[in-house]
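Asks: As input, take work.txt (compact mmCIF, C-alpha atoms):
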# COMPACT_ATOMS: atom_id res chain seq x y z
CA MET A 1 78.46 74.77 110.81
CA HIS A 2 77.86 78.19 112.36
CA ASP A 3 75.90 80.82 110.46
CA ILE A 4 77.06 83.63 112.72
CA ASP A 5 79.73 86.10 111.70
CA THR A 6 81.51 86.46 115.02
CA VAL A 7 83.96 84.31 116.93
CA THR A 8 83.74 83.63 120.65
CA ALA A 9 86.19 82.12 123.09
CA GLU A 10 83.89 79.11 123.31
CA LEU A 11 84.12 78.52 119.55
CA VAL A 12 87.91 78.65 119.77
CA GLU A 13 87.86 76.12 122.62
CA GLN A 14 85.56 73.83 120.63
CA ALA A 15 88.00 74.05 117.74
CA ALA A 16 90.85 73.08 120.06
CA ARG A 17 89.00 69.89 120.98
CA ARG A 18 88.46 69.02 117.30
CA LEU A 19 92.13 69.61 116.55
CA ALA A 20 93.42 67.49 119.42
CA GLY A 21 95.49 64.68 117.97
CA VAL A 22 95.34 66.21 114.49
CA VAL A 23 97.65 69.20 114.75
CA THR A 24 100.97 69.41 116.57
CA LYS A 25 101.08 71.23 119.88
CA THR A 26 104.04 73.28 118.71
CA PRO A 27 106.91 74.20 121.05
CA LEU A 28 107.03 77.45 123.00
CA GLU A 29 110.72 78.30 123.30
CA PRO A 30 112.63 81.08 125.09
CA ASN A 31 114.88 83.12 122.80
CA ALA A 32 118.07 84.64 124.23
CA ARG A 33 118.85 86.86 121.22
CA LEU A 34 115.50 88.61 121.22
CA SER A 35 115.31 88.74 125.01
CA SER A 36 118.61 90.62 125.01
CA ARG A 37 117.40 92.95 122.25
CA VAL A 38 114.45 94.27 124.27
CA ASP A 39 115.61 93.46 127.84
CA ALA A 40 112.60 91.21 128.38
CA ARG A 41 111.68 87.53 128.39
CA VAL A 42 110.85 86.66 124.79
CA TRP A 43 109.35 83.33 123.77
CA LEU A 44 108.73 81.99 120.28
CA LYS A 45 105.57 80.02 119.47
CA ARG A 46 107.01 77.73 116.81
CA GLU A 47 104.19 77.23 114.32
CA ASP A 48 106.93 76.70 111.74
CA LEU A 49 107.18 73.24 113.33
CA GLN A 50 103.46 72.56 112.79
CA THR A 51 102.28 69.49 110.85
CA VAL A 52 102.33 71.46 107.57
CA ARG A 53 104.99 73.93 108.80
CA SER A 54 102.45 76.69 109.47
CA TYR A 55 99.44 77.42 111.69
CA LYS A 56 97.08 77.34 108.70
CA ILE A 57 96.20 73.67 109.26
CA ARG A 58 94.28 74.74 112.36
CA GLY A 59 91.71 76.80 110.46
CA ALA A 60 91.54 74.58 107.39
CA TYR A 61 90.88 71.39 109.33
CA ASN A 62 88.40 73.05 111.70
CA PHE A 63 86.43 74.24 108.66
CA ILE A 64 86.44 71.03 106.63
CA VAL A 65 85.77 68.64 109.52
CA GLN A 66 82.48 70.46 110.22
CA LEU A 67 81.13 69.89 106.69
CA ASP A 68 78.42 67.24 106.54
CA GLU A 69 79.08 64.09 104.55
CA ALA A 70 77.07 65.13 101.48
CA THR A 71 78.76 68.54 101.30
CA ARG A 72 82.20 67.04 101.75
CA ALA A 73 81.47 64.55 98.96
CA ARG A 74 81.05 67.46 96.50
CA GLY A 75 84.63 68.45 97.23
CA VAL A 76 86.31 71.61 98.42
CA VAL A 77 88.30 74.40 96.75
CA CYS A 78 90.57 77.06 98.17
CA ALA A 79 92.91 79.89 97.23
CA SER A 80 96.23 80.32 98.95
CA ALA A 81 99.73 81.72 98.68
CA GLY A 82 100.81 78.27 99.82
CA ASN A 83 100.32 77.64 103.54
CA HIS A 84 96.52 77.52 103.66
CA ALA A 85 96.58 75.18 100.67
CA GLN A 86 98.88 72.83 102.55
CA GLY A 87 96.46 72.82 105.46
CA VAL A 88 93.55 72.08 103.12
CA ALA A 89 95.56 69.35 101.40
CA TYR A 90 96.43 67.68 104.68
CA ALA A 91 92.83 67.92 105.94
CA CYS A 92 91.42 66.50 102.69
CA ARG A 93 93.76 63.54 102.77
CA ARG A 94 93.03 62.85 106.44
CA LEU A 95 89.26 63.20 106.03
CA GLY A 96 89.02 61.47 102.65
CA ALA A 97 87.75 64.55 100.80
CA ASN A 98 88.82 65.75 97.37
CA GLY A 99 89.89 69.31 96.67
CA ARG A 100 91.39 71.78 94.23
CA VAL A 101 93.75 74.50 95.38
CA TYR A 102 94.44 77.67 93.42
CA VAL A 103 97.76 79.40 94.03
CA PRO A 104 99.21 82.57 92.43
CA GLY A 105 102.27 82.35 90.23
CA THR A 106 104.34 84.07 92.94
CA THR A 107 103.93 81.07 95.26
CA PRO A 108 107.39 79.50 95.74
CA ARG A 109 107.92 76.15 94.07
CA GLN A 110 108.71 74.61 97.45
CA LYS A 111 105.19 75.39 98.67
CA ARG A 112 103.53 74.10 95.50
CA GLU A 113 105.39 70.82 95.74
CA ARG A 114 104.51 70.44 99.41
CA ILE A 115 100.80 70.95 98.64
CA ALA A 116 100.89 68.13 96.10
CA THR A 117 102.80 65.85 98.47
CA LEU A 118 100.51 66.47 101.44
CA GLY A 119 97.29 66.01 99.45
CA GLY A 120 98.37 63.09 97.30
CA ALA A 121 95.59 61.86 95.06
CA HIS A 122 93.03 63.98 96.95
CA ILE A 123 94.37 67.35 95.75
CA GLU A 124 94.84 69.11 92.41
CA VAL A 125 97.11 72.19 92.37
CA ILE A 126 96.22 74.95 89.89
CA VAL A 127 98.46 78.00 89.34
CA VAL A 128 96.62 81.16 88.25
CA GLY A 129 97.43 84.89 88.16
CA GLU A 130 100.04 86.71 90.21
CA THR A 131 98.28 87.61 93.48
CA TYR A 132 96.24 85.88 96.16
CA GLU A 133 93.18 87.79 94.90
CA ASP A 134 93.63 86.31 91.41
CA ALA A 135 93.69 82.83 92.91
CA PHE A 136 90.71 83.59 95.14
CA ALA A 137 88.61 84.80 92.20
CA ALA A 138 89.38 81.56 90.34
CA SER A 139 88.53 79.42 93.36
CA ARG A 140 85.23 81.24 93.90
CA GLU A 141 84.26 80.74 90.24
CA ASP A 142 85.14 77.04 90.59
CA ALA A 143 82.90 76.71 93.65
CA GLN A 144 79.99 78.40 91.89
CA ARG A 145 80.42 76.25 88.79
CA THR A 146 80.95 72.85 90.45
CA GLY A 147 79.12 73.06 93.76
CA ALA A 148 82.31 72.48 95.72
CA THR A 149 82.68 74.27 99.06
CA LEU A 150 85.07 77.21 99.23
CA VAL A 151 87.40 76.97 102.24
CA PRO A 152 88.48 80.53 103.06
CA ALA A 153 92.10 81.12 104.04
CA PHE A 154 91.06 83.56 106.75
CA ASP A 155 87.60 85.00 106.17
CA ALA A 156 85.29 82.49 107.85
CA VAL A 157 84.24 81.93 111.44
CA GLN A 158 85.41 78.31 111.41
CA THR A 159 88.81 79.25 109.98
CA VAL A 160 89.31 82.09 112.48
CA ALA A 161 88.28 79.90 115.41
CA GLY A 162 90.81 77.28 114.37
CA GLN A 163 93.62 79.82 114.10
CA GLY A 164 92.73 81.16 117.54
CA THR A 165 93.72 77.87 119.17
CA VAL A 166 97.33 79.14 119.03
CA ALA A 167 96.45 81.45 121.94
CA LEU A 168 95.13 78.61 124.11
CA GLU A 169 98.35 76.68 123.68
CA ILE A 170 100.50 79.71 124.49
CA VAL A 171 98.82 80.29 127.86
CA GLU A 172 98.70 76.58 128.66
CA GLN A 173 102.37 76.01 127.82
CA LEU A 174 103.62 79.17 129.49
CA GLY A 175 101.77 78.35 132.70
CA PHE A 176 100.97 82.03 133.31
CA ILE A 177 99.63 85.02 131.41
CA PRO A 178 102.12 86.76 129.09
CA ASP A 179 102.24 90.54 128.97
CA VAL A 180 102.41 90.82 125.19
CA VAL A 181 101.60 88.57 122.23
CA VAL A 182 102.91 89.68 118.82
CA VAL A 183 101.18 88.22 115.76
CA PRO A 184 101.83 88.45 111.99
CA VAL A 185 98.92 89.79 109.93
CA GLY A 186 97.90 89.07 106.35
CA GLY A 187 94.14 88.79 105.95
CA GLY A 188 93.76 88.90 109.72
CA GLY A 189 92.63 85.34 110.51
CA LEU A 190 95.31 84.60 113.10
CA LEU A 191 95.01 88.01 114.78
CA ALA A 192 91.21 87.81 114.82
CA GLY A 193 91.27 84.30 116.28
CA ILE A 194 93.82 85.10 118.98
CA THR A 195 92.10 88.33 120.03
CA SER A 196 88.68 86.63 120.07
CA TRP A 197 89.90 84.19 122.72
CA VAL A 198 92.24 86.52 124.59
CA GLY A 199 89.65 89.30 124.75
CA GLN A 200 87.20 87.09 126.64
CA ARG A 201 89.54 84.95 128.69
CA HIS A 202 92.57 87.18 129.38
CA PRO A 203 91.83 90.77 128.29
CA GLU A 204 94.88 92.05 130.20
CA ILE A 205 97.17 90.64 127.49
CA ARG A 206 98.43 93.26 125.03
CA VAL A 207 98.07 91.90 121.49
CA VAL A 208 99.99 93.50 118.61
CA GLY A 209 99.48 92.66 114.95
CA VAL A 210 102.32 93.21 112.47
CA GLU A 211 101.76 93.68 108.74
CA PRO A 212 104.44 93.85 106.02
CA ALA A 213 104.86 97.48 104.92
CA GLY A 214 104.11 96.49 101.34
CA ALA A 215 100.73 94.92 102.16
CA THR A 216 98.94 96.83 104.92
CA CYS A 217 95.38 95.83 104.06
CA MET A 218 94.16 95.67 107.68
CA ALA A 219 95.50 99.14 108.46
CA ALA A 220 93.77 100.41 105.32
CA ALA A 221 90.50 98.83 106.44
CA LEU A 222 90.74 100.36 109.91
CA GLU A 223 91.41 103.78 108.40
CA ALA A 224 88.53 103.53 105.92
CA GLY A 225 86.08 101.98 108.37
CA HIS A 226 85.57 98.91 106.16
CA PRO A 227 87.68 96.48 104.11
CA VAL A 228 89.20 98.19 101.08
CA ARG A 229 91.31 96.90 98.22
CA ILE A 230 94.81 98.40 98.37
CA ASP A 231 96.32 99.37 95.03
CA ALA A 232 99.77 97.81 95.22
CA VAL A 233 101.12 94.82 97.11
CA ASP A 234 104.73 93.75 97.56
CA SER A 235 104.40 89.98 97.21
CA PHE A 236 107.73 89.20 98.89
CA VAL A 237 106.07 88.34 102.23
CA ASP A 238 103.89 85.90 100.33
CA GLY A 239 102.18 84.49 103.43
CA ALA A 240 100.83 87.95 104.28
CA ALA A 241 100.55 89.64 100.85
CA VAL A 242 96.79 90.25 100.89
CA ARG A 243 95.07 93.14 99.10
CA GLU A 244 91.89 93.28 101.18
CA ALA A 245 91.05 92.39 104.76
CA GLY A 246 88.16 90.00 105.33
CA ALA A 247 84.54 90.83 106.03
CA VAL A 248 84.73 88.49 109.03
CA THR A 249 88.23 89.34 110.23
CA TYR A 250 88.03 93.13 109.92
CA PRO A 251 85.30 93.79 112.54
CA LEU A 252 86.86 91.26 114.90
CA VAL A 253 90.21 93.06 114.72
CA ARG A 254 88.54 96.49 114.84
CA ASP A 255 86.64 95.67 118.02
CA SER A 256 89.45 93.75 119.71
CA GLY A 257 91.53 96.67 120.92
CA ALA A 258 94.61 95.06 119.39
CA GLU A 259 97.40 97.33 118.20
CA LEU A 260 98.46 97.24 114.56
CA THR A 261 101.82 98.19 113.10
CA SER A 262 104.03 97.32 110.13
CA VAL A 263 107.67 96.59 109.30
CA ALA A 264 109.62 96.99 106.08
CA GLU A 265 110.29 93.92 103.96
CA GLY A 266 114.02 94.61 104.30
CA ALA A 267 113.75 94.42 108.09
CA VAL A 268 111.95 91.09 107.72
CA CYS A 269 114.87 89.82 105.61
CA THR A 270 117.41 90.94 108.22
CA GLU A 271 115.40 89.12 110.89
CA MET A 272 115.07 85.96 108.77
CA LEU A 273 118.85 85.82 108.48
CA ALA A 274 119.31 86.40 112.22
CA MET A 275 116.80 83.66 113.02
CA TYR A 276 118.64 81.28 110.72
CA GLN A 277 122.18 82.14 111.76
CA SER A 278 121.66 82.75 115.49
CA ASP A 279 118.62 80.68 116.43
CA GLY A 280 118.66 77.84 113.90
CA VAL A 281 115.09 78.74 112.89
CA ILE A 282 114.14 78.55 109.22
CA ALA A 283 111.30 81.06 108.97
CA GLU A 284 109.46 82.14 105.87
CA PRO A 285 109.04 85.92 105.46
CA ALA A 286 105.65 86.02 107.21
CA GLY A 287 107.12 83.89 109.99
CA ALA A 288 109.65 86.62 110.79
CA LEU A 289 107.17 89.51 110.86
CA ALA A 290 106.46 89.40 114.59
CA THR A 291 110.07 89.16 115.74
CA ALA A 292 111.23 91.75 113.18
CA ALA A 293 108.95 94.29 114.88
CA LEU A 294 110.30 93.76 118.41
CA GLY A 295 111.82 96.91 119.86
CA ASP A 296 111.04 99.03 116.83
CA PRO A 297 108.19 99.61 116.19
CA VAL A 298 106.79 97.39 119.00
CA LYS A 299 108.07 98.87 122.25
CA ILE A 300 108.49 96.42 125.11
CA GLU A 301 108.86 97.28 128.80
CA PRO A 302 111.94 95.81 130.52
CA GLY A 303 111.25 92.48 132.16
CA GLN A 304 107.96 91.80 130.39
CA THR A 305 107.03 88.36 129.09
CA VAL A 306 106.53 88.51 125.32
CA VAL A 307 105.39 85.76 122.96
CA CYS A 308 106.03 86.12 119.21
CA VAL A 309 104.24 83.76 116.83
CA VAL A 310 106.57 82.30 114.20
CA SER A 311 103.72 81.59 111.82
CA GLY A 312 105.45 79.43 109.23
CA GLY A 313 108.65 77.86 107.97
CA ASN A 314 107.86 77.14 104.32
CA ASN A 315 110.75 79.07 102.82
CA ASP A 316 112.30 78.20 99.48
CA VAL A 317 116.09 78.01 99.88
CA SER A 318 116.52 79.52 96.41
CA ARG A 319 115.16 82.81 97.79
CA TYR A 320 118.04 83.38 100.21
CA GLY A 321 120.01 85.35 97.61
CA GLU A 322 117.16 87.86 97.40
CA ILE A 323 116.76 87.82 101.18
CA VAL A 324 120.43 88.74 101.70
CA GLU A 325 120.18 91.46 99.04
CA ARG A 326 117.06 93.03 100.55
CA SER A 327 118.62 92.90 104.01
CA LEU A 328 121.81 94.66 102.89
CA ILE A 329 119.79 97.38 101.16
CA HIS A 330 117.60 97.86 104.23
CA GLU A 331 120.70 98.12 106.44
CA GLY A 332 122.13 100.78 104.13
CA LEU A 333 125.04 98.58 103.09
CA LYS A 334 124.20 97.94 99.42
CA HIS A 335 123.91 100.63 96.75
CA TYR A 336 123.69 100.75 92.95
CA PHE A 337 125.00 103.36 90.51
CA LEU A 338 125.03 103.94 86.76
CA VAL A 339 128.49 105.24 85.90
CA GLY A 340 129.60 106.62 82.55
CA PHE A 341 133.28 105.73 82.05
CA PRO A 342 135.41 107.63 79.50
CA GLN A 343 136.55 105.37 76.68
CA GLU A 344 140.23 105.53 77.57
CA PRO A 345 142.77 103.26 79.27
CA GLY A 346 142.98 103.51 83.05
CA ALA A 347 139.44 104.79 83.65
CA LEU A 348 138.45 101.83 85.79
CA ARG A 349 141.75 101.95 87.69
CA GLN A 350 141.10 105.60 88.49
CA PHE A 351 137.64 104.71 89.80
CA LEU A 352 139.07 102.00 92.05
CA ASP A 353 141.85 104.23 93.37
CA GLU A 354 140.05 107.55 93.78
CA VAL A 355 136.36 106.75 94.33
CA LEU A 356 136.09 103.39 96.02
CA GLY A 357 136.75 103.44 99.78
CA PRO A 358 139.25 101.07 101.41
CA ASP A 359 136.50 98.85 102.84
CA ASP A 360 134.04 99.15 99.93
CA ASP A 361 133.42 96.09 97.77
CA ILE A 362 132.14 95.92 94.19
CA THR A 363 129.55 93.15 94.13
CA ARG A 364 128.16 93.80 90.64
CA PHE A 365 129.77 95.27 87.55
CA GLU A 366 128.12 95.24 84.13
CA TYR A 367 129.89 97.26 81.44
CA VAL A 368 128.93 97.89 77.83
CA LYS A 369 131.72 99.37 75.69
CA ARG A 370 130.53 101.91 73.13
CA ASN A 371 133.17 102.32 70.42
CA ASN A 372 131.32 105.19 68.75
CA ARG A 373 130.86 107.24 71.91
CA GLU A 374 133.12 109.01 74.31
CA THR A 375 131.75 107.18 77.35
CA GLY A 376 130.57 103.68 78.11
CA PRO A 377 127.92 102.93 80.74
CA ALA A 378 128.42 100.54 83.65
CA LEU A 379 126.01 99.32 86.30
CA ILE A 380 127.92 99.03 89.58
CA GLY A 381 126.73 97.49 92.84
CA ILE A 382 128.77 98.52 95.89
CA GLU A 383 128.60 96.94 99.34
CA LEU A 384 129.82 99.07 102.25
CA ALA A 385 131.37 97.84 105.47
CA ARG A 386 129.38 100.44 107.42
CA ALA A 387 126.21 102.34 106.49
CA GLY A 388 127.93 105.57 107.56
CA ASP A 389 130.47 105.19 104.75
CA LEU A 390 127.85 106.20 102.16
CA ASP A 391 128.35 109.96 102.58
CA GLY A 392 132.05 109.65 101.79
CA LEU A 393 131.36 107.50 98.73
CA LEU A 394 128.76 109.95 97.41
CA HIS A 395 131.17 112.86 97.96
CA ARG A 396 133.97 111.14 96.05
CA LEU A 397 131.59 110.24 93.22
CA ALA A 398 130.41 113.85 92.97
CA ALA A 399 134.00 115.12 92.92
CA SER A 400 135.07 112.71 90.17
CA PRO A 401 134.80 113.59 86.45
CA LEU A 402 132.58 110.55 85.91
CA GLN A 403 128.94 110.75 84.93
CA VAL A 404 127.13 109.14 87.87
CA GLU A 405 123.44 108.42 88.50
CA ARG A 406 122.37 106.71 91.69
CA VAL A 407 119.77 103.96 91.27
CA GLU A 408 117.29 104.93 93.96
CA PRO A 409 115.28 102.32 95.89
CA GLY A 410 111.76 102.29 94.51
CA SER A 411 112.78 103.15 90.93
CA PRO A 412 111.78 100.75 88.12
CA LEU A 413 115.42 99.82 87.50
CA PHE A 414 115.97 99.12 91.17
CA HIS A 415 113.03 96.71 91.26
CA PHE A 416 114.50 95.00 88.22
CA LEU A 417 117.83 94.55 90.01
CA VAL A 418 116.54 93.21 93.31
I need this file expressed as structure tokens, please.

Replies:
Amino acid sequence: MHDIDTVTAELVEQAARRLAGVVTKTPLEPNARLSSRVDARVWLKREDLQTVRSYKIRGAYNFIVQLDEATRARGVVCASAGNHAQGVAYACRRLGANGRVYVPGTTPRQKRERIATLGGAHIEVIVVGETYEDAFAASREDAQRTGATLVPAFDAVQTVAGQGTVALEIVEQLGFIPDVVVVPVGGGGLLAGITSWVGQRHPEIRVVGVEPAGATCMAAALEAGHPVRIDAVDSFVDGAAVREAGAVTYPLVRDSGAELTSVAEGAVCTEMLAMYQSDGVIAEPAGALATAALGDPVKIEPGQTVVCVVSGGNNDVSRYGEIVERSLIHEGLKHYFLVGFPQEPGALRQFLDEVLGPDDDITRFEYVKRNNRETGPALIGIELARAGDLDGLLHRLAASPLQVERVEPGSPLFHFLV
């Protein structure tokens, strides 16, 4: 084990040798849709096809395999939104170690079941709290109480070095040096690992990290000059919903010269659907971060060679309803209103005839009749054919005699609906 707090290209290369024959050398595939979008040559590094359907196995195995026999016998614990836990589970089963994994309640059932399957009798899954930080606090207390070794999801040299092996494979498989590598960012382990190797071996490569707009912990750390705990996190991009960047990952990212940007969760949803429908790629939200950022905000020069890391494919199919909804809202195609209808015959017909546009579609209608009042409230969801149709709809609503209140994105009611 290394007691240093930095990661070198040599450590990443040593990790690659340990991982040989353990992890999958995932495909590097050209993507016509994205290449056309930015007029460049775009490749996808398919870590969604990894042994545990994410790159996290690289760091987890590289950490656990370096524990001595006595330490490993005391067991390991970890906290994870799902993917790191799967890597730990797989490593424990392969190495004959026992472990406990703590996951927040927001972790999709699909991921929890996969953890149990991969670890078998070697792993116990414990659900605690609602955020990664809740799970991490529980795992740290467990380690202190039992003497088990905590396996960090991103904030350890061994973990970061393992994640960095993605960069070696990209260059080896491509056969030449790409112009740009775009990487999703949660706690920063993948970005720190890739930049640690690239910075020493191929510093001419432009590396861009992409955070979800609802969880920009690395940007907050860079602004503050040290890791800080951000107040609110949108847990939708569960693989990257981290409140605080790591003490190991932050300085590595800070000193790397890598760019950092973010994309809205709605844009991630739109990209997930495009990947599924056009490319046949089932990406989890974090797995679509890098490609969602291509073009805007990540500008690409025409003809450049760009590699986007698809970090994981552990997506619960039951979430696709929410994914479609968030995408429509982001595209400006879905809107909600509270409408007070007069308690008289024909009120709804008048709304349909005079307010609703010819291509507008009511996708949600919840009405409560109030016999003792003059009006009855209805919650109405309207899907537009074109985002530009909203102005006309708002004008017709304002001109009608109806009492209308738009449910604005970000309001408590809106979060309840979506």

Asks: Check the smallest atom-to-atom distance from each of A:Arg18, A:His122, A:Glu325, A:Ala378 to Val65 in chain A using all atoms listed in the file, then report the winner.

Replies: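 When distances to Val65 in chain A are compared using all atoms listed in the file, the smallest one comes from A:Arg18.
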
Asks: Using all atoms of range 238-244 of chain A that appear in the file, construct an axis-aligned enclosing box with 4 Å of padding on every side and provide its centre coordinates and edge lengths in Å, rounded to one decimal, as AutoDock Vina command-line options.

Replies:
--center_x 97.9 --center_y 88.9 --center_z 101.7 --size_x 20.0 --size_y 16.8 --size_z 13.2

Asks: Rank nothing, just name the residue among A:Glu301, A:Asp238, A:Glu47, A:Asp391 nearest to Val355 in chain A, using all atoms listed in the file.

Replies: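 Under the stated criterion, the closest residue is A:Asp391.
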
Asks: Using Å and a single decimal, report how far CA of Thr305 in chain A sits from CA of Val166 in chain A.

Replies: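 CA of Thr305 in chain A lies 16.7 Å from CA of Val166 in chain A.
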
Asks: Compile the contact shell of Gly410 in chain A as a ChimeraX atom specification: residues with an atom at most 12 Å away, counting all atoms listed in the file, same-chain residues fewer than 5 positions apart removed.

Replies: /A:214,234,329,415-418

Asks: Just checking: using all atoms listed in the file, which residue out of A:Pro358, A:Ala32, A:Phe337, A:Glu265 ends up closest to Glu322 in chain A?

Replies: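 Counting all atoms listed in the file, the residue closest to Glu322 in chain A is A:Glu265.
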
Asks: For a test of reading the model, state the distance in Å between CA of Ser80 in chain A and CA of Ala135 in chain A, rounded to one decimal.

Replies: 7.0 Å

Asks: In Å, how far is it from CA of Ala293 in chain A to CA of Glu383 in chain A?

Replies: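 We find that CA of Ala293 in chain A and CA of Glu383 in chain A lie 25.2 Å from each other.
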
Asks: With only C-alpha atoms as the basis for distance, which of A:Leu95, A:Ile300, A:Val198, A:Val52 is at the shortest distance from Val23 in chain A?

Replies: A:Val52

Asks: Between A:Ala148, A:Val101, A:Ala290, A:Ala89, which is the closest to Gly120 in chain A once you count all atoms listed in the file?

Replies: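 Result for the nearest residue to Gly120 in chain A: A:Ala89.
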
Asks: With all atoms listed in the file as the basis for distance, which of A:Ala9, A:Ala15, A:Ile380, A:Ala385 is at the shortest distance from Val407 in chain A?

Replies: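 Counting all atoms listed in the file, the residue closest to Val407 in chain A is A:Ile380.
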
Asks: Identify the residues around (94.6, 88.3, 132.2) within a radius of 12 Å, measuring from all atoms listed in the file in the coordinates stated by the file, and give them as a list in words.

Replies: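 Residues satisfying the cut-off, written out: Val171, Phe176, Ile177, Pro178, Asp179, Val180, Trp197, Val198, Gly199, Gln200, Arg201, His202, Pro203, Glu204, Ile205, Arg206 and Val207 of chain A.
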